[in-house]
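Structure below is coords26.txt: compact mmCIF, C-alpha atoms and all ligand atoms.
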```txt
# COMPACT_ATOMS: atom_id res chain seq x y z
CA MET A 294 206.29 193.88 83.56
CA ILE A 295 206.98 190.41 84.96
CA VAL A 296 207.69 187.87 82.23
CA GLN A 297 205.80 184.60 82.74
CA SER A 298 207.66 181.36 82.25
CA ILE A 299 205.69 178.74 80.31
CA THR A 300 205.97 175.00 79.72
CA VAL A 301 204.14 173.72 76.66
CA LEU A 302 203.41 169.99 76.97
CA GLY A 303 202.74 168.61 73.49
CA SER A 304 204.18 171.62 71.63
CA THR A 305 204.26 169.83 68.25
CA GLY A 306 200.52 169.13 68.25
CA SER A 307 197.67 171.23 67.00
CA ILE A 308 197.12 173.02 70.34
CA GLY A 309 200.87 173.21 70.96
CA LYS A 310 201.51 174.98 67.63
CA SER A 311 198.66 177.42 68.21
CA THR A 312 200.03 178.12 71.69
CA LEU A 313 203.49 178.93 70.32
CA ASP A 314 201.91 181.20 67.71
CA VAL A 315 200.33 183.26 70.51
CA LEU A 316 203.39 183.11 72.77
CA LEU A 317 205.77 184.28 70.04
CA SER A 318 203.57 187.32 69.43
CA HIS A 319 204.05 188.35 73.07
CA THR A 320 207.70 187.77 73.88
CA ASP A 321 207.54 190.82 76.15
CA LYS A 322 205.12 188.92 78.42
CA TYR A 323 206.06 185.25 78.10
CA ARG A 324 209.20 183.18 77.79
CA VAL A 325 209.16 179.48 76.98
CA PHE A 326 210.71 177.36 79.72
CA ALA A 327 210.17 173.92 78.16
CA LEU A 328 208.75 172.32 75.04
CA THR A 329 207.82 168.66 74.81
CA ALA A 330 206.98 166.21 72.04
CA ASN A 331 206.58 162.51 71.63
CA THR A 332 208.51 161.70 68.42
CA GLN A 333 208.35 164.72 66.09
CA VAL A 334 211.95 165.83 66.56
CA ASP A 335 212.28 167.82 63.32
CA LEU A 336 209.46 170.15 64.25
CA LEU A 337 210.60 170.28 67.88
CA ALA A 338 214.07 171.35 66.73
CA LYS A 339 212.54 174.22 64.72
CA GLN A 340 210.44 175.22 67.72
CA CYS A 341 213.54 175.17 69.94
CA LEU A 342 215.33 177.49 67.54
CA ALA A 343 212.36 179.86 67.51
CA CYS A 344 211.62 179.83 71.27
CA ARG A 345 215.00 179.00 72.88
CA PRO A 346 213.56 177.06 75.83
CA GLU A 347 215.74 175.89 78.74
CA PHE A 348 214.53 172.33 78.17
CA ALA A 349 213.08 170.13 75.44
CA VAL A 350 211.64 166.73 76.34
CA VAL A 351 211.02 163.78 74.01
CA SER A 352 209.78 160.27 74.69
CA ASN A 353 213.01 158.28 74.68
CA ASN A 354 216.77 158.35 74.32
CA HIS A 355 216.67 157.61 70.58
CA TYR A 356 214.70 160.79 69.85
CA ALA A 357 216.74 162.73 72.42
CA LYS A 358 219.93 161.90 70.50
CA GLN A 359 218.30 162.96 67.22
CA LEU A 360 217.25 166.28 68.71
CA VAL A 361 220.71 166.91 70.18
CA ASP A 362 222.19 166.28 66.70
CA LEU A 363 219.71 168.64 65.07
CA LEU A 364 220.56 171.42 67.53
CA LYS A 365 224.34 170.88 67.36
CA GLY A 366 226.14 173.86 65.86
CA THR A 367 223.15 176.15 66.27
CA PRO A 368 222.98 179.03 68.75
CA CYS A 369 220.26 177.12 70.66
CA LYS A 370 221.46 176.00 74.10
CA THR A 371 218.36 173.97 74.99
CA GLN A 372 219.00 170.97 77.23
CA VAL A 373 217.41 167.80 75.85
CA LEU A 374 215.72 165.34 78.25
CA HIS A 375 213.54 162.29 77.75
CA GLY A 376 210.90 160.21 79.49
CA GLU A 377 207.93 160.74 81.78
CA ASP A 378 209.96 161.88 84.79
CA ALA A 379 211.41 164.69 82.68
CA LEU A 380 207.89 165.70 81.60
CA ILE A 381 206.91 165.86 85.26
CA ASP A 382 210.02 167.89 86.14
CA VAL A 383 209.43 170.55 83.48
CA SER A 384 205.77 170.80 84.57
CA ALA A 385 206.41 171.13 88.28
CA SER A 386 209.68 173.11 88.21
CA SER A 387 209.81 176.08 90.57
CA GLU A 388 210.89 178.16 87.56
CA VAL A 389 207.55 177.63 85.78
CA ASP A 390 204.52 179.90 86.15
CA ALA A 391 202.10 178.28 83.75
CA VAL A 392 201.74 174.96 81.93
CA MET A 393 199.85 174.38 78.70
CA ALA A 394 198.63 170.79 79.07
CA ALA A 395 198.31 169.76 75.41
CA ILE A 396 199.54 166.19 75.27
CA VAL A 397 196.82 164.00 73.79
CA GLY A 398 195.21 161.23 75.83
CA ALA A 399 196.18 159.44 79.04
CA ALA A 400 199.86 160.13 78.31
CA GLY A 401 199.14 163.65 79.56
CA LEU A 402 197.88 162.57 82.96
CA MET A 403 201.07 162.46 85.05
CA PRO A 404 202.69 165.71 83.82
CA THR A 405 199.37 167.58 83.98
CA PHE A 406 198.68 166.24 87.46
CA ALA A 407 202.20 167.24 88.51
CA ALA A 408 201.56 170.82 87.35
CA VAL A 409 198.32 170.84 89.36
CA GLN A 410 200.03 169.52 92.48
CA ALA A 411 202.78 172.12 92.08
CA GLY A 412 200.18 174.91 92.14
CA LYS A 413 200.75 176.20 88.60
CA ARG A 414 198.42 178.08 86.31
CA VAL A 415 197.26 175.04 84.33
CA MET A 416 195.82 175.74 80.89
CA LEU A 417 193.90 172.54 80.36
CA ALA A 418 193.51 171.24 76.83
CA ASN A 419 194.19 167.60 77.77
CA LYS A 420 190.61 166.79 78.79
CA GLU A 421 191.44 163.07 79.13
CA SER A 422 193.52 163.75 82.27
CA LEU A 423 190.53 165.40 83.99
CA VAL A 424 188.10 162.72 82.78
CA MET A 425 190.41 160.07 84.26
CA SER A 426 191.24 161.67 87.58
CA GLY A 427 188.26 164.06 88.08
CA GLY A 428 187.81 164.45 91.83
CA LEU A 429 191.50 163.86 92.60
CA PHE A 430 192.50 166.51 90.05
CA MET A 431 190.16 169.15 91.46
CA GLN A 432 191.08 168.31 95.08
CA ALA A 433 194.78 168.58 94.25
CA ALA A 434 194.16 171.99 92.67
CA LYS A 435 192.33 173.19 95.75
CA LYS A 436 195.13 171.98 98.00
CA SER A 437 197.99 173.47 95.96
CA GLY A 438 196.21 176.63 94.86
CA ALA A 439 196.63 175.72 91.18
CA LEU A 440 194.50 177.82 88.86
CA ILE A 441 192.79 175.59 86.28
CA LEU A 442 191.94 177.57 83.17
CA PRO A 443 189.99 175.55 80.60
CA THR A 444 191.46 175.76 77.11
CA ASP A 445 188.86 173.45 75.57
CA SER A 446 186.79 176.02 73.65
CA GLU A 447 183.42 175.08 75.17
CA HIS A 448 184.69 175.12 78.74
CA ASN A 449 186.62 178.27 78.09
CA ALA A 450 183.36 179.80 76.84
CA ILE A 451 181.46 178.66 79.95
CA PHE A 452 184.28 179.99 82.14
CA GLN A 453 183.91 183.36 80.41
CA CYS A 454 180.09 183.31 80.86
CA LEU A 455 180.15 182.45 84.56
CA PRO A 456 180.59 185.06 87.31
CA ASP A 457 183.79 185.29 89.40
CA GLN A 458 181.63 184.06 92.28
CA VAL A 459 181.89 180.60 90.66
CA VAL A 460 185.17 180.59 88.74
CA VAL A 461 187.25 182.50 91.29
CA ASP A 462 185.56 181.98 94.65
CA GLY A 463 184.34 178.43 93.95
CA ASP A 464 180.69 179.08 94.82
CA THR A 465 178.04 176.69 93.50
CA LEU A 466 176.18 177.16 90.23
CA ALA A 467 172.88 177.29 92.14
CA ASN A 468 174.08 180.11 94.40
CA ALA A 469 175.11 182.07 91.31
CA GLY A 470 171.61 181.67 89.82
CA VAL A 471 172.77 179.34 87.03
CA SER A 472 170.01 177.06 85.77
CA LYS A 473 171.89 175.27 82.93
CA LEU A 474 175.26 175.02 81.27
CA LEU A 475 174.56 174.76 77.54
CA LEU A 476 177.45 172.79 76.06
CA THR A 477 177.48 173.27 72.30
CA GLY A 478 179.03 170.99 69.70
CA SER A 479 179.12 171.01 65.93
CA GLY A 480 177.88 167.43 65.64
CA GLY A 481 181.05 166.54 63.70
CA PRO A 482 181.31 165.39 60.09
CA PHE A 483 178.57 162.71 60.36
CA ARG A 484 175.74 164.69 61.94
CA THR A 485 173.47 163.97 58.99
CA THR A 486 175.02 160.70 57.74
CA PRO A 487 172.49 157.84 57.78
CA LYS A 488 173.26 155.55 60.72
CA ALA A 489 173.51 152.52 58.42
CA ASP A 490 176.43 154.19 56.55
CA LEU A 491 178.56 154.83 59.66
CA LYS A 492 180.21 151.40 59.52
CA ASN A 493 181.91 152.24 56.20
CA ILE A 494 183.54 155.46 57.33
CA THR A 495 187.31 155.69 56.78
CA PRO A 496 189.89 157.38 59.04
CA GLU A 497 190.33 160.10 56.38
CA GLN A 498 186.60 160.90 56.43
CA ALA A 499 186.49 160.82 60.23
CA CYS A 500 189.46 163.19 60.52
CA ALA A 501 188.00 165.79 58.12
CA HIS A 502 186.17 167.97 60.63
CA PRO A 503 183.95 170.63 59.00
CA ASN A 504 185.01 173.55 61.27
CA TRP A 505 188.08 172.72 63.35
CA SER A 506 191.58 171.58 62.40
CA MET A 507 192.78 169.23 65.18
CA GLY A 508 194.90 166.18 65.99
CA LYS A 509 193.72 162.79 64.72
CA LYS A 510 192.50 161.37 68.03
CA ILE A 511 190.25 164.31 68.94
CA SER A 512 189.04 164.44 65.31
CA VAL A 513 187.82 160.84 65.57
CA ASP A 514 186.33 161.66 68.99
CA SER A 515 184.43 164.51 67.35
CA ALA A 516 183.18 162.18 64.64
CA THR A 517 181.82 159.66 67.18
CA MET A 518 180.81 162.57 69.45
CA MET A 519 182.79 160.91 72.24
CA ASN A 520 184.51 164.29 72.34
CA LYS A 521 181.26 165.86 73.52
CA GLY A 522 180.85 163.01 76.00
CA LEU A 523 184.35 163.61 77.42
CA GLU A 524 183.55 167.33 77.50
CA PHE A 525 180.34 166.63 79.43
CA ILE A 526 182.42 164.88 82.11
CA GLU A 527 185.03 167.64 81.93
CA ALA A 528 182.34 170.28 82.57
CA CYS A 529 180.98 168.36 85.59
CA TRP A 530 184.39 168.54 87.26
CA LEU A 531 185.47 172.02 86.19
CA PHE A 532 182.28 173.76 87.24
CA ASN A 533 181.17 171.47 90.08
CA ALA A 534 178.08 170.63 88.02
CA ALA A 535 175.75 167.64 88.29
CA PRO A 536 174.88 165.84 85.04
CA ALA A 537 171.39 167.37 85.28
CA ASP A 538 172.95 170.88 85.19
CA ILE A 539 174.30 170.36 81.64
CA ASP A 540 172.47 170.22 78.32
CA ILE A 541 174.27 169.36 75.09
CA LEU A 542 173.15 171.42 72.12
CA ILE A 543 174.18 170.86 68.50
CA HIS A 544 175.31 174.05 66.76
CA PRO A 545 176.79 173.13 63.37
CA GLN A 546 178.47 176.50 62.69
CA SER A 547 180.81 176.42 65.77
CA ILE A 548 180.49 180.16 66.39
CA VAL A 549 178.72 180.05 69.76
CA HIS A 550 181.25 178.09 71.82
CA SER A 551 178.85 177.45 74.74
CA MET A 552 176.39 179.32 76.94
CA VAL A 553 175.18 179.72 80.50
CA GLN A 554 171.49 180.03 81.26
CA TYR A 555 170.44 181.87 84.42
CA CYS A 556 167.30 181.51 86.55
CA ASP A 557 165.98 184.91 85.44
CA GLY A 558 165.82 183.75 81.80
CA SER A 559 169.08 185.40 80.72
CA VAL A 560 171.48 183.42 78.56
CA VAL A 561 175.12 184.52 78.34
CA ALA A 562 177.05 183.15 75.37
CA GLN A 563 180.66 183.38 74.20
CA LEU A 564 181.13 183.70 70.44
CA GLY A 565 184.19 183.69 68.23
CA GLN A 566 185.90 182.14 65.25
CA PRO A 567 186.52 178.40 65.51
CA ASP A 568 190.21 179.09 66.23
CA MET A 569 191.86 177.70 69.36
CA ARG A 570 194.17 180.70 69.62
CA THR A 571 191.25 182.60 71.19
CA PRO A 572 190.80 180.32 74.24
CA ILE A 573 194.60 179.84 74.43
CA ALA A 574 195.17 183.60 74.61
CA HIS A 575 192.37 183.88 77.15
CA CYS A 576 194.03 181.27 79.38
CA LEU A 577 197.44 182.87 79.07
CA ALA A 578 196.32 186.39 79.90
CA TRP A 579 193.31 185.91 82.20
CA PRO A 580 192.03 188.07 83.81
CA GLN A 581 193.55 190.37 81.19
CA ARG A 582 193.20 190.10 77.40
CA ILE A 583 195.89 189.84 74.73
CA GLU A 584 195.87 189.74 70.94
CA ALA A 585 195.44 186.19 69.61
CA ASN A 586 196.05 186.77 65.86
CA VAL A 587 192.43 185.78 65.22
CA ALA A 588 190.25 187.70 62.76
CA PRO A 589 187.23 189.39 64.37
CA LEU A 590 183.81 187.84 63.76
CA ASP A 591 182.03 189.38 60.83
CA PHE A 592 178.40 189.21 61.93
CA ALA A 593 177.02 190.45 58.64
CA ALA A 594 178.76 187.56 56.86
CA LEU A 595 177.36 184.92 59.24
CA LYS A 596 174.43 183.52 57.35
CA GLU A 597 172.96 181.39 60.07
CA LEU A 598 173.36 180.31 63.68
CA SER A 599 171.27 177.20 64.21
CA PHE A 600 170.71 174.84 67.13
CA GLU A 601 169.24 171.38 67.48
CA GLN A 602 169.01 168.48 69.92
CA PRO A 603 171.78 165.86 69.72
CA ASP A 604 170.78 162.51 68.24
CA PHE A 605 171.61 160.00 70.99
CA ASN A 606 170.56 157.16 68.71
CA GLN A 607 173.14 158.13 66.08
CA PHE A 608 175.90 158.93 68.58
CA VAL A 609 175.96 156.08 71.09
CA CYS A 610 179.18 157.41 72.67
CA LEU A 611 177.31 160.38 74.14
CA ASP A 612 175.14 158.11 76.26
CA LEU A 613 178.10 155.94 77.22
CA ALA A 614 179.96 158.97 78.56
CA ILE A 615 177.02 160.52 80.39
CA ASN A 616 176.24 157.18 82.02
CA ALA A 617 179.89 156.73 83.01
CA ILE A 618 180.00 159.99 85.00
CA LYS A 619 176.67 159.15 86.62
CA GLU A 620 178.02 155.69 87.49
CA GLY A 621 181.39 156.85 88.90
CA LYS A 622 183.51 154.06 90.42
CA GLY A 623 186.19 154.41 87.80
CA ALA A 624 183.75 154.12 84.89
CA PRO A 625 185.07 157.37 83.31
CA VAL A 626 188.62 155.92 83.50
CA ALA A 627 187.42 152.77 81.72
CA LEU A 628 185.45 154.78 79.16
CA ASN A 629 188.48 156.88 78.30
CA ALA A 630 190.89 153.93 78.15
CA ALA A 631 188.59 151.82 75.96
CA ASN A 632 188.02 154.80 73.68
CA GLU A 633 191.76 155.41 73.25
CA VAL A 634 192.41 151.76 72.38
CA ALA A 635 189.49 151.63 69.95
CA VAL A 636 190.30 154.95 68.24
CA GLU A 637 193.90 153.82 67.74
CA ALA A 638 192.66 150.53 66.20
CA PHE A 639 190.27 152.43 63.94
CA LEU A 640 193.02 154.83 62.80
CA HIS A 641 195.13 151.76 61.92
CA ARG A 642 192.17 150.38 59.90
CA LYS A 643 191.86 147.34 62.18
CA ILE A 644 188.23 147.94 63.13
CA PRO A 645 185.24 149.71 61.57
CA PHE A 646 184.12 153.12 62.85
CA THR A 647 181.08 151.69 64.65
CA ALA A 648 183.27 149.22 66.59
CA ILE A 649 184.63 152.15 68.62
CA ALA A 650 181.34 152.50 70.51
CA ASP A 651 180.92 148.70 70.67
CA THR A 652 184.32 148.33 72.33
CA ILE A 653 183.61 150.98 74.94
CA ALA A 654 180.17 149.51 75.69
CA GLN A 655 181.76 146.08 76.08
CA VAL A 656 184.44 147.33 78.50
CA LEU A 657 181.89 149.26 80.56
CA GLN A 658 179.50 146.33 80.74
CA GLY A 659 179.85 144.87 84.20
CA TRP A 660 182.52 147.42 85.12
CA ASP A 661 182.13 147.72 88.85
CA ASP A 662 185.37 148.97 90.32
CA VAL A 663 185.80 151.27 93.31
CA GLU A 664 186.16 155.03 93.03
CA PRO A 665 189.94 155.63 92.66
CA THR A 666 191.33 157.43 95.70
CA ASN A 667 194.83 158.04 94.35
CA ILE A 668 196.57 158.37 90.99
CA ASP A 669 198.09 154.89 91.11
CA MET A 670 194.58 153.45 91.29
CA VAL A 671 193.60 155.53 88.26
CA ILE A 672 196.56 154.12 86.32
CA ASP A 673 195.71 150.56 87.40
CA GLN A 674 192.09 150.93 86.28
CA ASP A 675 193.26 152.48 83.02
CA ASN A 676 195.52 149.45 82.38
CA ILE A 677 192.78 146.95 83.21
CA ALA A 678 190.31 148.69 80.88
CA ARG A 679 192.89 148.83 78.05
CA GLU A 680 193.55 145.11 78.47
CA LYS A 681 189.81 144.40 78.37
CA ALA A 682 189.41 146.52 75.23
CA ARG A 683 192.34 144.82 73.48
CA SER A 684 191.10 141.36 74.31
CA TYR A 685 187.61 142.27 73.01
CA LEU A 686 189.13 143.57 69.78
CA SER A 687 191.37 140.51 69.24
CA ARG A 688 188.58 138.00 69.85
P1 LIG B 701 197.83 166.38 68.52
O1 LIG B 701 197.75 164.95 68.21
O2 LIG B 701 197.85 167.36 67.41
O3 LIG B 701 199.11 166.66 69.43
C1 LIG B 701 199.40 165.87 70.53
C2 LIG B 701 200.71 166.28 71.19
O4 LIG B 701 200.96 165.35 72.26
C3 LIG B 701 201.93 166.23 70.27
O5 LIG B 701 202.81 167.26 70.60
C4 LIG B 701 202.56 164.88 70.60
O6 LIG B 701 203.95 164.87 70.38
C5 LIG B 701 202.26 164.76 72.07
N1 LIG B 701 202.15 163.36 72.49
C6 LIG B 701 201.39 162.39 71.92
N2 LIG B 701 201.57 161.23 72.56
C7 LIG B 701 202.45 161.45 73.55
C8 LIG B 701 203.06 160.62 74.53
N3 LIG B 701 202.79 159.31 74.63
N4 LIG B 701 203.92 161.19 75.39
C9 LIG B 701 204.24 162.49 75.31
N5 LIG B 701 203.70 163.32 74.39
C10 LIG B 701 202.83 162.81 73.52
O7 LIG B 701 196.60 166.69 69.51
P2 LIG B 701 195.82 168.06 69.70
O8 LIG B 701 194.71 168.16 68.73
O9 LIG B 701 196.77 169.21 69.83
O10 LIG B 701 195.12 167.79 71.13
C11 LIG B 701 195.87 167.84 72.31
C12 LIG B 701 194.92 167.79 73.51
O11 LIG B 701 194.10 168.96 73.47
C13 LIG B 701 193.94 166.60 73.46
O12 LIG B 701 193.72 166.16 74.77
C14 LIG B 701 192.68 167.20 72.88
O13 LIG B 701 191.52 166.54 73.35
C15 LIG B 701 192.74 168.61 73.46
N6 LIG B 701 192.00 169.60 72.65
C16 LIG B 701 192.38 169.84 71.37
C17 LIG B 701 191.68 170.76 70.60
C18 LIG B 701 192.10 171.09 69.19
O14 LIG B 701 191.49 171.97 68.57
N7 LIG B 701 193.10 170.43 68.62
C19 LIG B 701 190.58 171.43 71.16
C20 LIG B 701 190.23 171.16 72.47
C21 LIG B 701 190.95 170.25 73.21
MG MG B 702 186.04 171.25 72.73
```
Could the structure of this file be written out as structure tokens, please?
Ligand code: NAD
Ligand code: MG
Amino acid sequence: MIVQSITVLGSTGSIGKSTLDVLLSHTDKYRVFALTANTQVDLLAKQCLACRPEFAVVSNNHYAKQLVDLLKGTPCKTQVLHGEDALIDVSASSEVDAVMAAIVGAAGLMPTFAAVQAGKRVMLANKESLVMSGGLFMQAAKKSGALILPTDSEHNAIFQCLPDQVVVDGDTLANAGVSKLLLTGSGGPFRTTPKADLKNITPEQACAHPNWSMGKKISVDSATMMNKGLEFIEACWLFNAAPADIDILIHPQSIVHSMVQYCDGSVVAQLGQPDMRTPIAHCLAWPQRIEANVAPLDFAALKELSFEQPDFNQFVCLDLAINAIKEGKGAPVALNAANEVAVEAFLHRKIPFTAIADTIAQVLQGWDDVEPTNIDMVIDQDNIAREKARSYLSR
């Protein structure tokens, strides 16, 4: 058996921790090459002791020194690096087979893109990188031979429901007889909250997702449903789908993770517990299967599986995202950047919940850039949109 060498970008986050849980159950199949974190050195030190990676990467020299101190005198011989270039190196290294891209937000773009360009198996949780660089990302994968395996549960479900004709050979959805991708979402914690009450929502309420335990940023995205908007864009790129090929469907129980409808009337769905270890294990082992430490579904105990239309009036961010991918010309970059700035401000209690959508709408209004043709252009557009969002918020 060949042991696969894995880099986990963002190992101290929610996806990162779940990934290590699966990896450590299969040390006969996987070894950890590198772990990375932004600032959480205490947890990263524990993870280094448990996984013994060659490298650990943190954001700056200050945290690097702390990590070195924490590992001093232990049997762990991990080399500690810092900064974005180091993130890129541990993603693209010739010693790496697969990269779990689980940094949150635009910070994940460069290392994830580097893994794609280096032709790795890229397990993509960091949806923001694909939303930002869409066409460039997919072109780079085609050129390098990188295998993009979606870790986002909905996209992982769709991947599992599509034939190899599409996901391996790259054929079109139409040729495979697909009539719709049915992207499901729970609707988040405020699905039934009266719209007039949304302005009073606190970060604590927004981060208390009914079904999933996740990082703060994606939790807020789920509460505004921007998460589903980003996922809509993500699905367009991953499956070469037009916006008209995708329907969003609210499914409050988060058991059906998404579905594919075919022209003969068949619908193929993927079901499972709302536990990210399932799609993570799928990405690691595909096309094989491995244990994920997830309890089997107990169908008799499932009281109800219900579905409804999303409320575009309640969740303005959905429309903003769908319009951005239709618009192109860097609008998805601007959407993502404005969202990150606004979510951060909301989490710091500087703006009300409803100002998140207002900020994004403001940044997108009159946004008429060109389609980015290289990564530097993506970064430039991202910076311009962040500046616009900050100046709107400080007015
Ligand atoms: P998280 O906040 O729990 O973890 C984020 C990780 O990124 C941490 O390890 C952190 O140290 C690192 N990080 C943050 N800022 C960084 C920076 N500037 N530079 C380098 N590293 C940085 O987030 P999460 O919930 O694990 O989500 C990670 C990604 O996966 C997001 O893109 C999210 O949309 C996606 N995702 C998450 C889930 C989930 O269930 N949590 C599901 C689907 C997709
Ligand atoms: Mg998802």
Requested in this report: Within 12 Å of Asp661 (chain A), counting all atoms listed in the file, which residues show up once you throw out same-chain ones fewer than 5 positions away? Write them as number ranges by chain, please.
Outcome: A: 617, 620-627, 656, 674, 678
Anything within 9 Å of (194.2, 165.2, 79.4): list those residues as a PDB file with C-alpha atoms, in the coordinates of the input, counting all atoms listed in the file and sticking to the file's coordinates.
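File point01.pdb, as written:
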```pdb
ATOM      1  CA  ALA A 394     198.630 170.790  79.070  1.00  0.00           C
ATOM      2  CA  ALA A 395     198.310 169.760  75.410  1.00  0.00           C
ATOM      3  CA  ILE A 396     199.540 166.190  75.270  1.00  0.00           C
ATOM      4  CA  VAL A 397     196.820 164.000  73.790  1.00  0.00           C
ATOM      5  CA  GLY A 398     195.210 161.230  75.830  1.00  0.00           C
ATOM      6  CA  ALA A 399     196.180 159.440  79.040  1.00  0.00           C
ATOM      7  CA  ALA A 400     199.860 160.130  78.310  1.00  0.00           C
ATOM      8  CA  GLY A 401     199.140 163.650  79.560  1.00  0.00           C
ATOM      9  CA  LEU A 402     197.880 162.570  82.960  1.00  0.00           C
ATOM     10  CA  THR A 405     199.370 167.580  83.980  1.00  0.00           C
ATOM     11  CA  LEU A 417     193.900 172.540  80.360  1.00  0.00           C
ATOM     12  CA  ALA A 418     193.510 171.240  76.830  1.00  0.00           C
ATOM     13  CA  ASN A 419     194.190 167.600  77.770  1.00  0.00           C
ATOM     14  CA  LYS A 420     190.610 166.790  78.790  1.00  0.00           C
ATOM     15  CA  GLU A 421     191.440 163.070  79.130  1.00  0.00           C
ATOM     16  CA  SER A 422     193.520 163.750  82.270  1.00  0.00           C
ATOM     17  CA  LEU A 423     190.530 165.400  83.990  1.00  0.00           C
ATOM     18  CA  VAL A 424     188.100 162.720  82.780  1.00  0.00           C
ATOM     19  CA  MET A 425     190.410 160.070  84.260  1.00  0.00           C
TER      20      MET A 425
END
```
Can you tell me which residues surround region 379-392 of chain A at a distance of at most 10 Å, considering only C-alpha atoms, apart from same-chain residues fewer than 4 positions away, and format the answer as a PyMOL selection string? chain A and resi 296-302+323-330+347-352+373-375+401-417+439-441+576-577
Query raised in the report: So how far away is CA of Ala654 (chain A) from CA of Ile494 (chain A), in Å?
Result: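 So the two atoms, CA of Ile494 (chain A) and CA of Ala654 (chain A), lie 19.6 Å apart.
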For ligand MG 702 (chain B), return the neighbouring residues as a list in words (distance at most 8 Å; only C-alpha atoms and all ligand atoms).
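The neighbouring residues of ligand MG 702 (chain B) are, in order, Asp445, Ser446, Glu447, His448, Gly478, Asn520, Lys521 and Glu524 of chain A.
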Using C-alpha atoms, can you write the selected residues to a file as a CSV table (one decimal), in the frame of the given file?
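Contents of out.csv, as written:
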```csv
chain,number,residue,atom,x,y,z
A,445,ASP,CA,188.9,173.4,75.6
A,446,SER,CA,186.8,176.0,73.6
A,447,GLU,CA,183.4,175.1,75.2
A,448,HIS,CA,184.7,175.1,78.7
A,478,GLY,CA,179.0,171.0,69.7
A,520,ASN,CA,184.5,164.3,72.3
A,521,LYS,CA,181.3,165.9,73.5
A,524,GLU,CA,183.6,167.3,77.5
```
Counting all atoms listed in the file, the residue of A:Asn468, A:Ser515, A:Ser426, A:Thr495 that sits nearest ligand LIG 701 (chain B):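 Using all atoms listed in the file, the shortest distance to ligand LIG 701 (chain B) belongs to A:Ser515.
Using all atoms listed in the file, the protein and nucleic acid residues lying no more than 7 Å from Ser512 (chain A), apart from those fewer than 3 places from it along its own chain, are Ala499, Cys500, His502, Met507, Gly508, Lys509, Ser515 and Ala516 of chain A.
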Exercise for review: Could you give me, as a ChimeraX atom specification, the residues that sit within 12 Å of (214.3, 164.9, 67.8) in the file's coordinates, counting all atoms listed in the file?
Suggested key: /A:305,328-341,349-365,373-375
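Atom pair CA of Pro487 (chain A) / CA of Asp604 (chain A): separated by 11.6 Å.
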From the list A:Phe608, A:Phe430, A:Trp505, A:Phe452, the nearest residue to ligand LIG 701 (chain B) using all atoms listed in the file is A:Trp505
Exercise for review: Quick one: pull the distance between atom N5 of ligand LIG 701 (chain B) and CA of Ile649 (chain A), Å, one decimal.
Suggested key: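 Calculated distance between atom N5 of ligand LIG 701 (chain B) and CA of Ile649 (chain A) is 22.8 Å.
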